[in-house]
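Contents: one structure, followed by commentary.
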Amino acid sequence: MPHRRRPRGLALPLLGLTPFAAYVVLFLAIPTALAVATGFFTKGGAPTLDNVVGLFTPTVLGTFVSSAWISALTAVLGAVIGALVCYALLGLPEEGVIRRTVEAGSSVLAQFGGIMLAFAFIATIGVQGVLTVWLKGIGVDIFADGVWIYQVPGLIPVYLYFQVPLMVITFLPAMEGLKVQWAEANATLGGTRLGYWTRIAAPVLAPSFAGTLLLLFANAFSSYATAAALISQGAQIVPLQIRSALRSETVLGRENMAGALALGMVVVMVVVMSLYSVLQRRTSRWQR
């Protein structure tokens with residue numbers, strides 16, 4: 001009698017994914033669907049496109065532009081600074097104290113944000129911050145041209161606080177994936193160190209760098225709590241514009257405008273993260 005192959009059991013692995021799947025559905029999928037769906041209805045429940053049309057008003061477009069440039073700027077600065085930190089770490093022993101401390105610290109600081117981060121910056125470089133008062137004592141007034149810390153430019157140093165560590169923990173594995181044999185082959189053939197980084201390492205790292213740059217952009221674009229605590233007046237970026245729409249929808253003259261703004265953010269994030277996924281697949285080929 002022929003031996004029948006027993007089908008591979010999938011019940012147990014699927015059962016193990018149940019808690020995570022439930023979490024994603026309850027706290028990500030359903031809230032996102034509800035937020036986006038409300039943008040296509042009036043307050044009375046009738047279908048409408050007025051809220052979506054409202055995304056193209058000068059006020060809302062200006063908000064998206066502000067969010068885009070602050071996210072792009074902090075992403076580029078964070079990526080460059082973080083890449084330099086990764087390059088420096090490669091020269092240290094993998095199990096050394098300094099390298100392990102920087103990696104551990106980056107993992108913690110990349111997740112440090114919200115009200116506590118805003119308070120830390122206010123206490124340090126706010127109008128009456130410790131560093132601000134000390135600098136005034138030596139004749140340097142960082143707010144001579146205006147109190148920029150409570151406006152969109154004030155988000156630049158705050159966002160860099162967690163953008164640089166995020167770059168370190170995401171880009172360092174790609175730099176560690178550079179094979180020693182490539183550098184040895186380059187040296188054997190008479191290549192220079194500069195030539196190795198520009199002709200070999202840079203093309204290999206380019207997809208990973210670009211992908212991480214997109215990740216940093218998405219991280220800044222979706223940040224809310226830190227900006228909400230730091231910028232108390234106005235709605236200068238998209239997350240704060242959604243807050244304003246939820247508190248007083250009559251300001252924009254449209255009902256459920258918050259849902260339409262959420263839809264705009266979702267579209268931006270889907271595009272960015274799709275590009276990130278494509279670049280990550282290209283990067284994985286060099287890390288095998």
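Identifiers in this document derive from the order of the structure tokens: chains are assigned A, B, ..., residues are numbered from 1 separately in each chain, and ligands are numbered from 1 in order of occurrence.
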**Request:** Report as a ChimeraX atom specification: the residues of region 92-156 of chain A with a DSSP assignment of alpha helix (DSSP H), based on the backbone of this structure.
**Result:** /A:97-109,115-125,130-137,155-156
For the selection just defined, write its residues with C-alpha atoms to a file, as a PDB file, in the first residue's frame.
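Once everything was written out, this is again-v4.pdb:
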ATOM      1  CA  VAL A  97      32.027  48.752  24.779  1.00  0.00           C
ATOM      2  CA  ILE A  98      31.741  51.938  22.714  1.00  0.00           C
ATOM      3  CA  ARG A  99      30.068  50.267  19.753  1.00  0.00           C
ATOM      4  CA  ARG A 100      27.640  48.277  21.856  1.00  0.00           C
ATOM      5  CA  THR A 101      26.800  51.388  23.874  1.00  0.00           C
ATOM      6  CA  VAL A 102      26.105  53.457  20.748  1.00  0.00           C
ATOM      7  CA  GLU A 103      23.956  50.710  19.237  1.00  0.00           C
ATOM      8  CA  ALA A 104      21.984  50.228  22.453  1.00  0.00           C
ATOM      9  CA  GLY A 105      21.589  53.971  22.936  1.00  0.00           C
ATOM     10  CA  SER A 106      20.397  54.385  19.346  1.00  0.00           C
ATOM     11  CA  SER A 107      17.758  51.690  19.840  1.00  0.00           C
ATOM     12  CA  VAL A 108      16.426  53.571  22.868  1.00  0.00           C
ATOM     13  CA  LEU A 109      16.639  57.118  21.491  1.00  0.00           C
ATOM     14  CA  ILE A 115       5.623  64.934  25.261  1.00  0.00           C
ATOM     15  CA  MET A 116       8.763  63.949  27.171  1.00  0.00           C
ATOM     16  CA  LEU A 117      11.008  64.835  24.235  1.00  0.00           C
ATOM     17  CA  ALA A 118       9.239  68.161  23.711  1.00  0.00           C
ATOM     18  CA  PHE A 119       9.604  68.960  27.426  1.00  0.00           C
ATOM     19  CA  ALA A 120      13.312  68.086  27.320  1.00  0.00           C
ATOM     20  CA  PHE A 121      13.909  70.571  24.486  1.00  0.00           C
ATOM     21  CA  ILE A 122      11.769  73.268  26.096  1.00  0.00           C
ATOM     22  CA  ALA A 123      13.714  72.875  29.342  1.00  0.00           C
ATOM     23  CA  THR A 124      17.010  72.991  27.448  1.00  0.00           C
ATOM     24  CA  ILE A 125      16.601  75.517  24.613  1.00  0.00           C
ATOM     25  CA  VAL A 130      19.003  76.137  30.772  1.00  0.00           C
ATOM     26  CA  LEU A 131      21.156  76.458  27.644  1.00  0.00           C
ATOM     27  CA  THR A 132      19.271  79.554  26.435  1.00  0.00           C
ATOM     28  CA  VAL A 133      19.832  81.383  29.736  1.00  0.00           C
ATOM     29  CA  TRP A 134      23.497  80.391  29.807  1.00  0.00           C
ATOM     30  CA  LEU A 135      24.044  81.605  26.229  1.00  0.00           C
ATOM     31  CA  LYS A 136      22.354  84.908  27.048  1.00  0.00           C
ATOM     32  CA  GLY A 137      24.801  85.279  29.911  1.00  0.00           C
ATOM     33  CA  LEU A 155      10.901  70.748  14.926  1.00  0.00           C
ATOM     34  CA  ILE A 156      14.200  70.321  13.055  1.00  0.00           C
TER      35      ILE A 156
END
**Message:** Give me, as a PyMOL selection string, all polymer residues having an atom no more than 12 Å from region 158-162 of chain A, counting only C-alpha atoms and skipping those fewer than 5 positions away in the same chain.
**Reply:** chain A and resi 70-82+105-122+124-126+149-153+167-169+216-227+229-231
Interface rows for region 200-287 of chain A against region 11-33 of chain A: nearest pair, Å to one decimal, 10 Å, only C-alpha atoms, as JSON lines:
{"residue": "A:Gly259", "atom": "CA", "partner": "A:Thr32", "partner_atom": "CA", "distance": 9.4}
{"residue": "A:Ala262", "atom": "CA", "partner": "A:Thr32", "partner_atom": "CA", "distance": 8.1}
{"residue": "A:Leu263", "atom": "CA", "partner": "A:Thr32", "partner_atom": "CA", "distance": 8.8}
{"residue": "A:Val266", "atom": "CA", "partner": "A:Thr32", "partner_atom": "CA", "distance": 8.4}
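CA of Val238 (chain A) sits 5.6 Å away from CA of Thr63 (chain A).
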**Item:** Residues within 8 Å of Leu261 (chain A), only C-alpha atoms, excluding chain neighbours under 3 positions, as a PyMOL selection string
**Value:** chain A and resi 39+55+238+241-242+257-258+264-265
